[in-house]
>>> print(open('work.txt').read())   # compact mmCIF, C-alpha atoms
# COMPACT_ATOMS: atom_id res chain seq x y z
CA MET A 1 0.00 0.00 0.00
CA ILE A 2 1.18 3.52 -0.74
CA PRO A 3 2.17 5.26 2.50
CA PRO A 4 0.15 8.35 3.40
CA ARG A 5 1.56 11.56 2.00
CA ALA A 6 -0.11 13.66 4.69
CA ARG A 7 -1.98 13.16 7.94
CA LEU A 8 -4.78 15.29 9.36
CA ASP A 9 -6.28 15.02 12.84
CA LEU A 10 -9.84 16.24 12.40
CA ARG A 11 -11.15 15.04 15.75
CA PRO A 12 -11.42 18.57 17.22
CA PHE A 13 -13.61 19.79 14.35
CA ALA A 14 -17.29 19.53 13.43
CA CYS A 15 -19.15 19.61 10.14
CA PRO A 16 -18.62 21.33 7.74
CA LEU A 17 -15.00 22.00 8.71
CA THR A 18 -14.16 18.30 8.84
CA TYR A 19 -14.75 17.80 5.15
CA VAL A 20 -13.59 21.27 4.10
CA LYS A 21 -10.20 20.65 5.70
CA ALA A 22 -10.01 17.16 4.23
CA ARG A 23 -10.85 18.50 0.81
CA ILE A 24 -8.22 21.22 0.96
CA ALA A 25 -5.65 18.60 2.01
CA LEU A 26 -6.71 16.39 -0.89
CA ASP A 27 -6.39 19.34 -3.29
CA ARG A 28 -2.76 19.67 -2.25
CA LEU A 29 -1.97 16.05 -3.17
CA ALA A 30 -1.23 14.56 -6.56
CA PRO A 31 -3.61 11.92 -7.97
CA GLY A 32 -2.80 8.52 -6.47
CA GLU A 33 -1.32 9.93 -3.27
CA VAL A 34 -2.90 8.94 0.03
CA LEU A 35 -4.26 11.12 2.81
CA GLU A 36 -4.62 9.81 6.36
CA LEU A 37 -7.46 11.26 8.41
CA TRP A 38 -8.28 10.85 12.07
CA LEU A 39 -12.00 11.29 12.55
CA SER A 40 -14.32 11.12 15.54
CA ALA A 41 -16.90 8.35 15.50
CA GLY A 42 -20.38 9.22 14.32
CA GLU A 43 -21.15 11.87 11.74
CA PRO A 44 -17.54 12.79 10.85
CA ALA A 45 -16.43 9.19 10.29
CA GLU A 46 -19.56 8.51 8.25
CA SER A 47 -19.85 11.61 6.11
CA VAL A 48 -16.26 12.58 5.33
CA PRO A 49 -15.31 9.34 3.53
CA ARG A 50 -18.67 9.33 1.74
CA SER A 51 -18.25 12.92 0.55
CA ALA A 52 -14.72 12.19 -0.63
CA GLU A 53 -15.93 9.19 -2.57
CA GLU A 54 -18.67 11.25 -4.19
CA GLU A 55 -16.00 13.66 -5.43
CA GLY A 56 -13.99 10.91 -7.08
CA HIS A 57 -11.54 9.88 -4.38
CA ARG A 58 -11.10 6.28 -3.24
CA ILE A 59 -11.56 4.99 0.28
CA VAL A 60 -8.54 2.78 0.93
CA SER A 61 -9.45 1.75 4.46
CA ILE A 62 -11.43 2.68 7.54
CA GLU A 63 -10.32 1.23 10.86
CA ALA A 64 -10.49 2.08 14.54
CA LEU A 65 -7.76 4.46 15.57
CA ALA A 66 -5.22 2.71 17.78
CA GLY A 67 -5.79 3.45 21.44
CA GLU A 68 -9.13 5.13 20.80
CA GLY A 69 -11.38 2.06 20.80
CA GLU A 70 -14.48 2.79 18.72
CA GLY A 71 -14.34 6.51 19.55
CA ALA A 72 -12.29 7.50 16.53
CA PHE A 73 -11.31 6.13 13.16
CA ARG A 74 -8.28 6.19 10.89
CA VAL A 75 -9.38 6.72 7.31
CA LEU A 76 -7.10 6.43 4.30
CA LEU A 77 -8.19 8.21 1.11
CA GLU A 78 -6.50 7.96 -2.26
CA LYS A 79 -6.81 11.11 -4.31
CA GLY A 80 -8.66 10.62 -7.55
CA ALA A 81 -8.12 12.29 -10.90
CA PRO A 82 -8.58 16.06 -10.85
CA ARG A 83 -11.98 17.36 -11.87
CA GLY A 84 -10.79 20.75 -13.00
CA GLU A 85 -10.08 22.99 -10.04
CA GLY A 86 -11.80 26.24 -10.60
CA ALA A 87 -14.27 24.98 -13.16
CA LEU A 88 -17.34 26.04 -11.28
CA PRO A 89 -20.69 24.56 -12.23
CA MET B 1 0.34 30.08 -0.54
CA LYS B 2 -2.15 28.44 1.78
CA LEU B 3 -5.53 29.60 2.98
CA ALA B 4 -5.30 30.58 6.66
CA ASP B 5 -7.30 28.52 9.15
CA ASP B 6 -9.52 31.43 10.12
CA ARG B 7 -10.44 31.95 6.48
CA VAL B 8 -11.13 28.25 6.03
CA ALA B 9 -13.57 28.49 8.92
CA ARG B 10 -15.17 31.71 7.66
CA PHE B 11 -15.66 30.48 4.10
CA ALA B 12 -16.26 26.80 4.88
CA ARG B 13 -19.68 26.61 3.23
CA GLN B 14 -18.41 28.23 0.07
CA LEU B 15 -15.41 25.90 0.00
CA LEU B 16 -17.84 22.99 -0.19
CA VAL B 17 -19.14 24.12 -3.58
CA PRO B 18 -18.02 21.55 -6.16
CA ALA B 19 -14.76 22.57 -7.85
CA PHE B 20 -14.47 25.66 -5.66
CA GLY B 21 -11.31 24.99 -3.70
CA GLU B 22 -8.53 26.67 -1.81
CA LEU B 23 -7.06 28.19 -4.97
CA ALA B 24 -10.36 29.83 -5.87
CA GLN B 25 -10.70 31.33 -2.41
CA LEU B 26 -7.12 32.59 -2.53
CA ARG B 27 -7.85 34.32 -5.84
CA LEU B 28 -10.77 36.12 -4.22
CA GLN B 29 -8.57 37.07 -1.28
CA GLU B 30 -5.99 38.61 -3.62
CA ALA B 31 -8.53 40.44 -5.78
CA ARG B 32 -8.87 44.21 -5.94
CA VAL B 33 -12.36 45.02 -7.16
CA ARG B 34 -13.40 48.48 -8.29
CA ALA B 35 -17.11 49.10 -7.84
CA VAL B 36 -18.35 51.90 -10.06
CA GLY B 37 -21.53 53.03 -8.36
CA ALA B 38 -22.59 52.28 -4.82
CA GLY B 39 -26.28 53.19 -4.90
CA ALA B 40 -29.34 51.11 -4.18
CA ALA B 41 -28.96 48.93 -7.27
CA ALA B 42 -25.34 48.14 -6.44
CA SER B 43 -25.73 47.57 -2.71
CA PRO B 44 -26.65 43.86 -2.77
CA ALA B 45 -23.74 43.22 -5.13
CA LEU B 46 -21.32 44.93 -2.78
CA VAL B 47 -22.59 42.89 0.16
CA THR B 48 -22.18 39.69 -1.88
CA LEU B 49 -18.62 40.55 -2.89
CA VAL B 50 -17.58 41.26 0.69
CA GLN B 51 -19.25 38.12 2.01
CA ALA B 52 -17.64 36.00 -0.70
CA GLY B 53 -14.16 36.97 0.47
CA ILE B 54 -13.01 39.63 -1.97
CA GLY B 55 -9.82 40.97 -0.40
CA ARG B 56 -10.07 44.61 -1.38
CA LEU B 57 -13.13 46.52 -2.54
CA TRP B 58 -12.71 50.01 -3.94
CA LEU B 59 -15.84 52.15 -3.99
CA ASP B 60 -16.03 54.67 -6.80
CA ASP B 61 -19.06 56.89 -6.37
CA PRO B 62 -18.90 60.65 -5.93
CA GLU B 63 -22.60 61.12 -5.19
CA PRO B 64 -24.27 61.51 -1.80
CA VAL B 65 -26.76 58.98 -0.42
CA SER B 66 -30.25 59.89 -1.63
CA PRO B 67 -33.60 58.85 -0.15
CA ALA B 68 -33.98 56.43 -3.09
CA ASP B 69 -30.81 54.61 -1.97
CA LEU B 70 -32.52 53.53 1.24
CA ALA B 71 -34.26 50.80 -0.77
CA GLY B 72 -30.89 49.06 -1.03
CA TRP B 73 -29.23 46.96 1.62
CA LEU B 74 -26.62 49.34 2.95
CA PHE B 75 -27.91 52.70 3.98
CA ALA B 76 -29.89 53.94 6.96
CA PRO B 77 -32.08 57.06 6.94
CA GLY B 78 -29.35 58.90 8.80
CA ASP B 79 -26.99 58.32 5.88
CA VAL B 80 -28.95 60.57 3.50
CA GLY B 81 -26.65 63.38 2.40
CA ARG B 82 -23.44 61.55 3.37
CA SER B 83 -20.97 60.45 0.74
CA ARG B 84 -22.19 57.17 -0.76
CA ALA B 85 -18.68 55.77 -0.87
CA GLU B 86 -18.05 56.59 2.77
CA ALA B 87 -21.45 55.42 4.02
CA ALA B 88 -21.13 52.18 2.04
CA ARG B 89 -17.58 51.67 3.31
CA ALA B 90 -18.75 52.02 6.89
CA ALA B 91 -21.64 49.58 6.40
CA LEU B 92 -19.63 46.99 4.44
CA SER B 93 -16.69 47.04 6.82
CA LEU B 94 -18.95 45.68 9.55
CA LEU B 95 -19.77 42.59 7.49
CA SER B 96 -16.38 40.94 7.31
CA ARG B 97 -12.98 41.46 8.86
CA PHE B 98 -11.42 39.80 5.84
CA ALA B 99 -12.29 42.55 3.39
CA THR B 100 -10.65 45.94 3.10
CA VAL B 101 -13.25 48.41 1.86
CA GLU B 102 -12.16 51.90 0.93
CA PRO B 103 -12.79 54.68 -1.57
CA TYR B 104 -11.28 54.10 -5.00
CA PRO B 105 -7.72 55.46 -4.79
CA VAL B 106 -6.39 57.66 -7.56
CA GLY B 107 -4.23 55.47 -9.76
CA GLY B 108 -5.52 52.27 -8.22
CA VAL B 109 -5.18 49.22 -10.47
CA PRO B 110 -8.12 46.87 -9.98
CA THR B 111 -8.04 43.21 -11.00
CA ALA B 112 -11.80 43.19 -11.65
CA THR B 113 -14.60 45.73 -11.92
CA LEU B 114 -18.29 45.81 -11.07
CA VAL B 115 -20.13 48.50 -13.01
CA ALA B 116 -23.40 49.75 -11.55
CA ALA B 117 -23.13 53.25 -13.00
CA PRO B 118 -26.09 55.64 -13.02
CA SER B 119 -25.92 56.21 -16.78
CA THR B 120 -25.07 54.23 -19.89
CA ALA B 121 -22.34 56.71 -20.76
CA GLU B 122 -20.61 56.22 -17.42
CA ALA B 123 -21.01 52.46 -17.68
CA LEU B 124 -19.41 52.47 -21.13
CA ILE B 125 -16.41 54.46 -19.86
CA ALA B 126 -15.89 52.26 -16.78
CA ALA B 127 -16.25 49.07 -18.80
CA GLU B 128 -13.79 50.29 -21.43
CA VAL B 129 -11.21 51.12 -18.78
CA ALA B 130 -11.55 47.59 -17.41
CA ARG B 131 -11.37 46.03 -20.88
CA ARG B 132 -8.20 47.89 -21.75
CA ALA B 133 -6.65 46.73 -18.50
CA GLY B 134 -7.57 43.13 -19.33
CA ALA B 135 -9.66 42.91 -16.15
CA PRO B 136 -12.87 40.86 -16.01
CA HIS B 137 -15.89 43.03 -15.44
CA VAL B 138 -19.64 42.82 -15.02
CA VAL B 139 -22.10 45.55 -15.91
CA LEU B 140 -25.49 45.76 -14.21
CA GLU B 141 -28.42 47.14 -16.16
CA PRO B 142 -31.28 47.29 -13.67
CA ASP B 143 -34.70 47.86 -15.12
CA ALA B 144 -37.65 48.02 -12.76
CA ASP B 145 -37.82 44.64 -10.99
CA GLY B 146 -35.39 42.90 -13.33
CA GLY B 147 -32.87 43.88 -15.95
CA SER B 148 -29.69 42.47 -17.43
CA ILE B 149 -26.16 41.57 -16.48
CA VAL B 150 -23.36 41.67 -19.01
CA SER B 151 -20.36 39.50 -18.08
CA ILE B 152 -17.15 40.45 -19.84
CA PRO B 153 -14.09 38.30 -19.19
CA PRO B 154 -10.83 39.29 -20.90
CA ARG B 155 -11.04 39.12 -24.73
CA ALA B 156 -14.83 38.75 -24.76
CA PRO B 157 -17.06 41.15 -26.71
CA CYS B 158 -16.95 44.52 -24.96
CA TYR B 159 -19.82 46.30 -23.26
CA ALA B 160 -20.31 48.61 -26.25
CA CYS B 161 -21.00 45.48 -28.31
CA ALA B 162 -23.04 43.67 -25.70
CA ARG B 163 -25.06 46.37 -23.97
CA SER B 164 -28.80 46.64 -24.11
CA THR B 165 -30.03 49.13 -26.66
CA ALA B 166 -33.74 48.65 -26.16
CA GLY B 167 -35.50 50.93 -23.74
CA GLY B 168 -35.15 49.98 -20.11
CA GLY B 169 -33.51 52.20 -17.56
CA ARG B 170 -36.58 52.37 -15.34
CA PRO B 171 -35.82 52.96 -11.65
CA ALA B 172 -34.63 49.81 -9.92
CA LEU B 173 -37.14 48.26 -7.54
CA ALA B 174 -36.33 46.18 -4.50
CA ALA B 175 -36.56 42.97 -6.54
CA ALA B 176 -33.59 44.21 -8.56
CA ALA B 177 -31.51 43.03 -5.60
CA ALA B 178 -31.60 39.64 -7.27
CA LEU B 179 -30.01 41.14 -10.35
CA ALA B 180 -27.23 42.73 -8.31
CA ALA B 181 -26.53 39.54 -6.36
CA LEU B 182 -26.47 37.57 -9.60
CA GLY B 183 -24.05 40.07 -11.10
CA ALA B 184 -21.76 39.80 -8.11
CA ALA B 185 -21.87 36.00 -8.37
CA GLU B 186 -20.77 36.29 -12.00
CA LEU B 187 -17.84 38.47 -11.03
CA VAL B 188 -16.88 36.15 -8.17
CA GLN B 189 -16.79 33.22 -10.58
CA MET B 190 -14.72 35.12 -13.12
CA ILE B 191 -12.18 35.96 -10.42
CA ALA B 192 -12.18 32.55 -8.73
CA ALA B 193 -12.08 30.53 -11.93
CA PRO B 194 -10.60 32.49 -14.82
CA GLY B 195 -11.95 31.17 -18.09
CA ALA B 196 -14.99 29.49 -16.55
CA ILE B 197 -17.47 32.21 -17.55
CA PRO B 198 -17.76 33.18 -21.22
CA GLY B 199 -18.85 36.59 -22.41
CA ARG B 200 -22.57 36.46 -21.83
CA ARG B 201 -25.68 38.39 -21.11
CA ILE B 202 -28.09 37.29 -18.42
CA GLU B 203 -31.57 38.68 -18.49
CA LEU B 204 -33.77 38.58 -15.44
CA VAL B 205 -37.46 38.85 -16.18
CA ARG B 206 -40.05 38.27 -13.46
CA GLY B 207 -37.54 36.29 -11.45
CA ILE B 208 -36.52 34.02 -14.31
CA ALA B 209 -32.91 34.28 -15.51
CA SER B 210 -31.81 33.31 -19.00
CA ALA B 211 -28.31 33.55 -20.44
CA ARG B 212 -27.03 33.86 -23.98
CA PRO B 213 -23.56 34.47 -25.38
CA THR B 214 -22.63 37.99 -26.37
CA SER B 215 -21.35 38.76 -29.84
CA ARG B 216 -18.92 41.30 -31.21
CA LEU B 217 -20.09 44.09 -33.50
CA ALA B 218 -18.30 44.07 -36.82
CA GLY B 219 -15.15 46.13 -36.73
CA CYS B 220 -15.23 46.83 -32.98
CA VAL B 221 -11.84 47.56 -31.49
CA CYS B 222 -12.47 44.95 -28.80
CA GLY B 223 -11.54 42.34 -31.38
CA VAL B 224 -7.95 43.52 -31.05
CA ASP B 225 -5.90 42.55 -28.02
CA PRO B 226 -5.41 45.84 -26.10
CA ARG B 227 -1.85 44.82 -25.29
CA ALA B 228 -0.94 43.94 -28.85
CA GLY B 229 1.57 46.33 -30.32
CA ALA B 230 2.39 47.92 -26.97
CA ALA B 231 6.01 49.02 -26.76
>>> encode(input="work.txt", output="structure tokens")
Amino acid sequence: MIPPRARLDLRPFACPLTYVKARIALDRLAPGEVLELWLSAGEPAESVPRSAEEEGHRIVSIEALAGEGEGAFRVLLEKGAPRGEGALP
Amino acid sequence: MKLADDRVARFARQLLVPAFGELAQLRLQEARVRAVGAGAAASPALVTLVQAGIGRLWLDDPEPVSPADLAGWLFAPGDVGRSRAEAARAALSLLSRFATVEPYPVGGVPTATLVAAPSTAEALIAAEVARRAGAPHVVLEPDADGGSIVSIPPRAPCYACARSTAGGGRPALAAAAALAALGAAELVQMIAAPGAIPGRRIELVRGIASARPTSRLAGCVCGVDPRAGAA
């Protein structure tokens, strides 16, 4: 597996900042590179990977964050092909 | 250059718009927008520009606030008689700490222009200055409760080619706020995503907007690159 290029601890943040910060971090990666996210259980761990997938990124894995039990998750996302930054709908 | 955390938080909802990312927001942050006209018809556009994260907004309006301006979004009854530019600056500055709002400085070089001039002649002059500078610009043509917006990115047909020549010019009503907000959204997109908006005219009639491409009049000087041949 490709090692993560960047890691982001989003546990202190709530929606919409969780996904906004993840998206900005993904924008800074090249296609194929991997981003590691630490997300709180519940809405963040459910919606951030789903939103990323909807925008063309790939969920590599979702697993409990070591030492956090089921309270937080480690999510690996692989950046997908660019969809034209700046090409607004 | 990276978008600061406080700006990420402030513009989080906007950053969720598909294809509108950090780079787009940074372009807005770096923009210097000249607003020609700050009256009632322009007010909603000015609010939209500030709220969208435009870094610097220059207000170019020598007139005082009139009672008719109170129909806009910026002025209070106590503002009547004050300089429009100053009263608008004071009101807009309260909306966001991320925007610098000030009167248009002599010699200022804007990167984009919003034209909400009180007359067609003034609109033509302001638009031509922007075209020659290669700056994207939007011209508002309010007409009663609707009107038109002319979006002019660099190298598109100029305002002299694309302007409305049929009637219109009735006093703007409160519903014209939609026109102004739409015009500001056009300018925001042209700044945030250069090349994304073609030269076009949007007409707003009874709340329904329709867009069509603008076309160049035969022989118009706007068909020549203003920088071509410069020494």
>>> closest_residue(input="work.txt", among="A:Leu76, A:Leu39, A:Leu65, A:Ile2", to="A:Glu53", atoms="all atoms listed in the file")
A:Leu76
>>> closest_residue(input="work.txt", among="A:Ile24, A:Leu29, A:Leu10, A:Val75", to="A:Val60", atoms="all atoms listed in the file")
A:Val75
>>> closest_atom_pairs(input="work.txt", of="chain B", to="chain A", cutoff="8 Å", atoms="only C-alpha atoms", output="CSV")
residue,atom,partner,partner_atom,distance
B:Val8,CA,A:Val20,CA,7.6
B:Ala9,CA,A:Leu17,CA,6.6
B:Ala12,CA,A:Val20,CA,6.2
B:Arg13,CA,A:Pro16,CA,7.0
B:Leu15,CA,A:Val20,CA,6.4
B:Leu16,CA,A:Val20,CA,6.3
B:Pro18,CA,A:Leu88,CA,6.8
B:Ala19,CA,A:Glu85,CA,5.2
B:Phe20,CA,A:Gly86,CA,5.6
B:Gly21,CA,A:Ile24,CA,6.7
B:Glu22,CA,A:Ile24,CA,6.1
B:Leu23,CA,A:Gly86,CA,7.6
B:Ala24,CA,A:Gly86,CA,6.1
B:Gln189,CA,A:Leu88,CA,7.2
B:Ala192,CA,A:Gly86,CA,6.6
B:Ala193,CA,A:Gly86,CA,4.5
B:Pro194,CA,A:Gly86,CA,7.6
B:Ala196,CA,A:Ala87,CA,5.7
>>> atom_distance(input="work.txt", atom1="atom CA of B:Ile197", atom2="atom CA of B:Asp6")
28.8 Å
>>> residues_near_point(input="work.txt", point="(-13.3, 51.8, -3.1)", cutoff="7 Å", atoms="all atoms listed in the file", output="VMD selection string")
chain B and resid 34 to 35 57 to 60 101 to 105
>>> residues_around(input="work.txt", residues="B:Leu26", least_positions_apart="5", cutoff="9 Å", atoms="only C-alpha atoms", output="number ranges by chain")
B: 1-3, 21, 31, 53, 192
>>> residues_around(input="work.txt", residues="B:Arg200", least_positions_apart="2", cutoff="12 Å", atoms="all atoms listed in the file", output="PyMOL selection string")
chain B and resi 137-139+148-153+156-159+161-163+183+186-187+190+196-198+202-203+210-216
>>> atom_distance(input="work.txt", atom1="atom CA of B:Ala38", atom2="atom CA of B:Ala91")
11.6 Å
>>> residues_around(input="work.txt", residues="A:Ile59", least_positions_apart="5", cutoff="12 Å", atoms="only C-alpha atoms", output="NGL selection string")
:A and (32-37 or 45-46 or 48-54 or 74-80)
>>> atom_distance(input="work.txt", atom1="atom CA of B:Pro62", atom2="atom CA of B:Ala85")
7.0 Å
>>> residues_around(input="work.txt", residues="B:Ala41", least_positions_apart="3", cutoff="9 Å", atoms="only C-alpha atoms", output="list of chain:residue names")
B:Gly37, B:Ala38, B:Pro44, B:Ala45, B:Asp69, B:Ala71, B:Gly72, B:Ala116, B:Leu140, B:Pro142, B:Ala172, B:Leu173, B:Ala174, B:Ala176, B:Ala177, B:Leu179, B:Ala180
>>> closest_residue(input="work.txt", among="B:Ser43, B:Val50, B:Leu28, B:Thr100", to="B:Leu74", atoms="only C-alpha atoms")
B:Ser43
>>> residues_around(input="work.txt", residues="A:Gly69", least_positions_apart="5", cutoff="12 Å", atoms="only C-alpha atoms", output="list of chain:residue names")
A:Ser40, A:Ala41, A:Glu63, A:Ala64, A:Arg74
